Every structure is written in structure tokens, then in C-alpha cells.
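Asker: File name structure-v8.pdb; file contents PDB, C-alpha atoms, pLDDT in the B column; full text below.
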```pdb
ATOM      1  CA  MET A   1      20.265  92.264  82.834  1.00 74.00           C
ATOM      2  CA  SER A   2      22.350  92.393  85.984  1.00 91.00           C
ATOM      3  CA  ARG A   3      25.208  90.019  86.642  1.00 91.00           C
ATOM      4  CA  LEU A   4      23.212  88.357  89.445  1.00 91.00           C
ATOM      5  CA  GLN A   5      20.210  87.806  87.174  1.00 92.00           C
ATOM      6  CA  ASP A   6      22.458  86.384  84.458  1.00 92.00           C
ATOM      7  CA  THR A   7      24.061  83.980  86.947  1.00 93.00           C
ATOM      8  CA  HIS A   8      20.621  82.951  88.219  1.00 94.00           C
ATOM      9  CA  ARG A   9      19.402  82.343  84.657  1.00 94.00           C
ATOM     10  CA  ARG A  10      22.466  80.197  83.831  1.00 95.00           C
ATOM     11  CA  ILE A  11      22.077  78.136  87.015  1.00 95.00           C
ATOM     12  CA  ASN A  12      18.393  77.535  86.267  1.00 94.00           C
ATOM     13  CA  ALA A  13      19.296  76.477  82.720  1.00 94.00           C
ATOM     14  CA  GLU A  14      21.892  74.021  84.054  1.00 95.00           C
ATOM     15  CA  ILE A  15      19.362  72.588  86.504  1.00 93.00           C
ATOM     16  CA  ALA A  16      16.809  72.156  83.719  1.00 91.00           C
ATOM     17  CA  GLN A  17      19.400  70.429  81.531  1.00 93.00           C
ATOM     18  CA  GLU A  18      20.358  68.048  84.316  1.00 92.00           C
ATOM     19  CA  LYS A  19      16.705  67.227  85.031  1.00 92.00           C
ATOM     20  CA  ALA A  20      16.177  66.435  81.354  1.00 91.00           C
ATOM     21  CA  ALA A  21      19.351  64.337  81.221  1.00 93.00           C
ATOM     22  CA  ALA A  22      18.373  62.388  84.345  1.00 93.00           C
ATOM     23  CA  LEU A  23      14.913  61.749  82.902  1.00 92.00           C
ATOM     24  CA  GLY A  24      16.498  60.556  79.664  1.00 93.00           C
ATOM     25  CA  ARG A  25      18.834  58.185  81.503  1.00 95.00           C
ATOM     26  CA  ALA A  26      15.886  56.720  83.441  1.00 95.00           C
ATOM     27  CA  GLY A  27      14.055  56.133  80.163  1.00 95.00           C
ATOM     28  CA  GLU A  28      17.114  54.525  78.588  1.00 96.00           C
ATOM     29  CA  ARG A  29      17.547  52.174  81.560  1.00 97.00           C
ATOM     30  CA  LEU A  30      13.900  51.141  81.265  1.00 97.00           C
ATOM     31  CA  GLU A  31      14.185  50.598  77.509  1.00 97.00           C
ATOM     32  CA  ALA A  32      17.231  48.363  78.030  1.00 97.00           C
ATOM     33  CA  ALA A  33      15.482  46.405  80.796  1.00 98.00           C
ATOM     34  CA  LEU A  34      12.385  45.895  78.643  1.00 98.00           C
ATOM     35  CA  ALA A  35      14.542  44.779  75.711  1.00 98.00           C
ATOM     36  CA  GLN A  36      16.139  42.144  77.934  1.00 98.00           C
ATOM     37  CA  VAL A  37      12.706  40.959  79.097  1.00 98.00           C
ATOM     38  CA  GLY A  38      11.572  40.764  75.478  1.00 97.00           C
ATOM     39  CA  ALA A  39      14.625  38.778  74.424  1.00 97.00           C
ATOM     40  CA  LEU A  40      14.148  36.309  77.277  1.00 97.00           C
ATOM     41  CA  GLY A  41      10.460  36.014  76.402  1.00 95.00           C
ATOM     42  CA  ARG A  42      11.341  35.107  72.825  1.00 95.00           C
ATOM     43  CA  GLN A  43      13.837  32.529  74.087  1.00 94.00           C
ATOM     44  CA  LEU A  44      11.136  31.091  76.327  1.00 93.00           C
ATOM     45  CA  ASP A  45       8.765  30.821  73.375  1.00 92.00           C
ATOM     46  CA  ALA A  46      11.403  29.040  71.289  1.00 91.00           C
ATOM     47  CA  GLY A  47      12.733  26.725  74.030  1.00 78.00           C
ATOM     48  CA  ARG A  48      11.784  23.085  74.090  1.00 80.00           C
ATOM     49  CA  ASP A  49      13.851  21.590  76.927  1.00 88.00           C
ATOM     50  CA  LEU A  50      12.135  21.642  80.350  1.00 90.00           C
ATOM     51  CA  ALA A  51      15.329  22.403  82.264  1.00 90.00           C
ATOM     52  CA  GLU A  52      16.157  25.253  79.886  1.00 91.00           C
ATOM     53  CA  HIS A  53      12.595  26.516  80.169  1.00 91.00           C
ATOM     54  CA  ALA A  54      12.824  26.594  83.975  1.00 91.00           C
ATOM     55  CA  ARG A  55      16.169  28.424  83.855  1.00 93.00           C
ATOM     56  CA  LEU A  56      14.905  30.957  81.318  1.00 94.00           C
ATOM     57  CA  LEU A  57      11.724  31.460  83.304  1.00 95.00           C
ATOM     58  CA  GLY A  58      13.777  32.384  86.368  1.00 95.00           C
ATOM     59  CA  GLU A  59      15.908  34.777  84.309  1.00 96.00           C
ATOM     60  CA  TYR A  60      12.771  36.245  82.759  1.00 97.00           C
ATOM     61  CA  GLU A  61      11.178  36.892  86.153  1.00 97.00           C
ATOM     62  CA  SER A  62      14.359  38.529  87.467  1.00 97.00           C
ATOM     63  CA  ALA A  63      14.557  40.721  84.362  1.00 98.00           C
ATOM     64  CA  ARG A  64      10.847  41.542  84.654  1.00 98.00           C
ATOM     65  CA  LEU A  65      11.314  42.665  88.252  1.00 97.00           C
ATOM     66  CA  ARG A  66      14.296  44.836  87.233  1.00 98.00           C
ATOM     67  CA  ALA A  67      12.157  46.370  84.485  1.00 98.00           C
ATOM     68  CA  LEU A  68       9.364  47.084  86.979  1.00 97.00           C
ATOM     69  CA  HIS A  69      11.912  48.738  89.282  1.00 97.00           C
ATOM     70  CA  ASP A  70      13.258  50.823  86.392  1.00 97.00           C
ATOM     71  CA  ARG A  71       9.706  51.734  85.375  1.00 97.00           C
ATOM     72  CA  LEU A  72       8.970  52.942  88.903  1.00 96.00           C
ATOM     73  CA  ALA A  73      12.235  54.929  88.879  1.00 95.00           C
ATOM     74  CA  LEU A  74      11.134  56.616  85.639  1.00 96.00           C
ATOM     75  CA  VAL A  75       7.751  57.527  87.119  1.00 96.00           C
ATOM     76  CA  ILE A  76       9.445  58.924  90.243  1.00 94.00           C
ATOM     77  CA  GLN A  77      11.860  60.911  88.073  1.00 93.00           C
ATOM     78  CA  ARG A  78       8.932  62.285  86.075  1.00 94.00           C
ATOM     79  CA  GLU A  79       7.200  63.294  89.308  1.00 93.00           C
ATOM     80  CA  ALA A  80      10.396  65.023  90.470  1.00 89.00           C
ATOM     81  CA  VAL A  81      10.442  67.227  87.369  1.00 89.00           C
ATOM     82  CA  GLY A  82       6.760  68.074  87.694  1.00 90.00           C
ATOM     83  CA  LEU A  83       5.160  65.603  85.280  1.00 91.00           C
ATOM     84  CA  ARG A  84       2.121  64.277  87.091  1.00 90.00           C
ATOM     85  CA  HIS A  85       0.320  62.266  84.402  1.00 93.00           C
ATOM     86  CA  HIS A  86       1.973  59.020  83.391  1.00 92.00           C
ATOM     87  CA  ARG A  87      -0.389  57.653  80.737  1.00 93.00           C
ATOM     88  CA  ILE A  88       2.396  58.061  78.172  1.00 92.00           C
ATOM     89  CA  VAL A  89       4.629  55.794  80.298  1.00 94.00           C
ATOM     90  CA  ASP A  90       1.868  53.174  80.333  1.00 91.00           C
ATOM     91  CA  GLN A  91       1.540  53.433  76.537  1.00 94.00           C
ATOM     92  CA  GLN A  92       5.221  53.588  75.638  1.00 93.00           C
ATOM     93  CA  PHE A  93       6.564  51.234  78.309  1.00 94.00           C
ATOM     94  CA  PRO A  94       3.865  48.690  79.184  1.00 94.00           C
ATOM     95  CA  GLU A  95       4.476  46.498  82.198  1.00 94.00           C
ATOM     96  CA  PRO A  96       5.965  43.167  81.090  1.00 95.00           C
ATOM     97  CA  PRO A  97       3.591  40.253  81.684  1.00 94.00           C
ATOM     98  CA  ARG A  98       4.202  37.400  84.069  1.00 94.00           C
ATOM     99  CA  ARG A  99       4.945  34.094  82.401  1.00 91.00           C
ATOM    100  CA  ALA A 100       3.418  30.774  83.466  1.00 78.00           C
ATOM    101  CA  ARG A 101       5.636  28.253  85.210  1.00 72.00           C
TER     102      ARG A 101
END
```
Rewrite the structure of this file - the entire thing - as C-alpha cells.

Answerer:
Amino acid sequence: MSRLQDTHRRINAEIAQEKAAALGRAGERLEAALAQVGALGRQLDAGRDLAEHARLLGEYESARLRALHDRLALVIQREAVGLRHHRIVDQQFPEPPRRAR
């Protein structure tokens, strides 16, 4: 293998590693966002006070929107690395539901 081919192979390997790392970071951000939504949802279910419920509902909706943003970022990242089917994202990271006011 020539020196140029070896350099090209190493650069391609580095690019592939960075793509995988970026995809992993996007997934981790989404997991954290969904965990926050889940925690707020459990607090909403346990809350009794109306004022607390309203506050938690606002926090829940903000967290839900962040999770939706992070979910979209993951799908875009997957598209960027050539993954065109996102059924696994739908299964593994379902969209958090809206909560009634």
C-alpha cells in the first residue's frame, strides 16, 4: 500500500469514527431529554396542588419540546451518515405525549 493510500485510509477511518461519535452524542442528548420528560411526568402524576401542577406542566412542556428538538437532531444526524430508515428511532425513542392542562 502506498503512503498516499495509507493516509487516505486513516483519514477515512477518522471520519467514520467522528460520525459514529457524533451520532452517539445525539442519542445520549435525546436519552437525557426523554429521562427529564419522564421524571417531570411522574411528578405531574404524583402532584396534588393545582399551582404545583401548573408549574410542572409548563416545565414538562418545555422539556417535551427540547426532547422533540433532540429527536429531530438525531434523525438529521442519522440522515447525514446515510441511515435513511428511522423506524428504530420511533421504537427506541418514542415521542413524548402532550399532557392535559

Asker: For the file shown, what are the residues hit by the PyMOL selection byres ((chain A and resi 26) around 10), laid out as an MDAnalysis selection string?

Answerer: chainID A and resid 20:25 27:31 70:78

Asker: What does the distance between CA of Val37 (chain A) and CA of Arg101 (chain A) come to in Å, to one decimal place?

Answerer: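 Going from CA of Val37 (chain A) over to CA of Arg101 (chain A), I get 15.8 Å.
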
Asker: For CA of Gln36 (chain A) and CA of Arg66 (chain A), determine how far apart the two atoms are, in Å to one decimal place.

Answerer: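 These two atoms are separated by 9.9 Å.
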
Asker: At what distance in Å, to one decimal, does CA of Val89 (chain A) lie from CA of Ala32 (chain A)?

Answerer: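 The value is 14.8 Å.
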
Asker: Given the choices A:Ala100, A:Leu65, A:Leu4, A:Leu34, which gets closest to His53 (chain A) if the distance is worked out from only C-alpha atoms?

Answerer: A:Ala100

Asker: Name the residues in contact with Tyr60 (chain A) at a cut-off of 9 Å, using only C-alpha atoms, excluding same-chain residues fewer than 6 positions from it; report them as an MDAnalysis selection string.

Answerer: chainID A and resid 36:41 44 98:99

Asker: Under the rule that only C-alpha atoms are counted, which of A:Pro94, A:Ser2, A:Asp45, A:Val81 is the nearest residue to Gln17 (chain A)?

Answerer: A:Val81
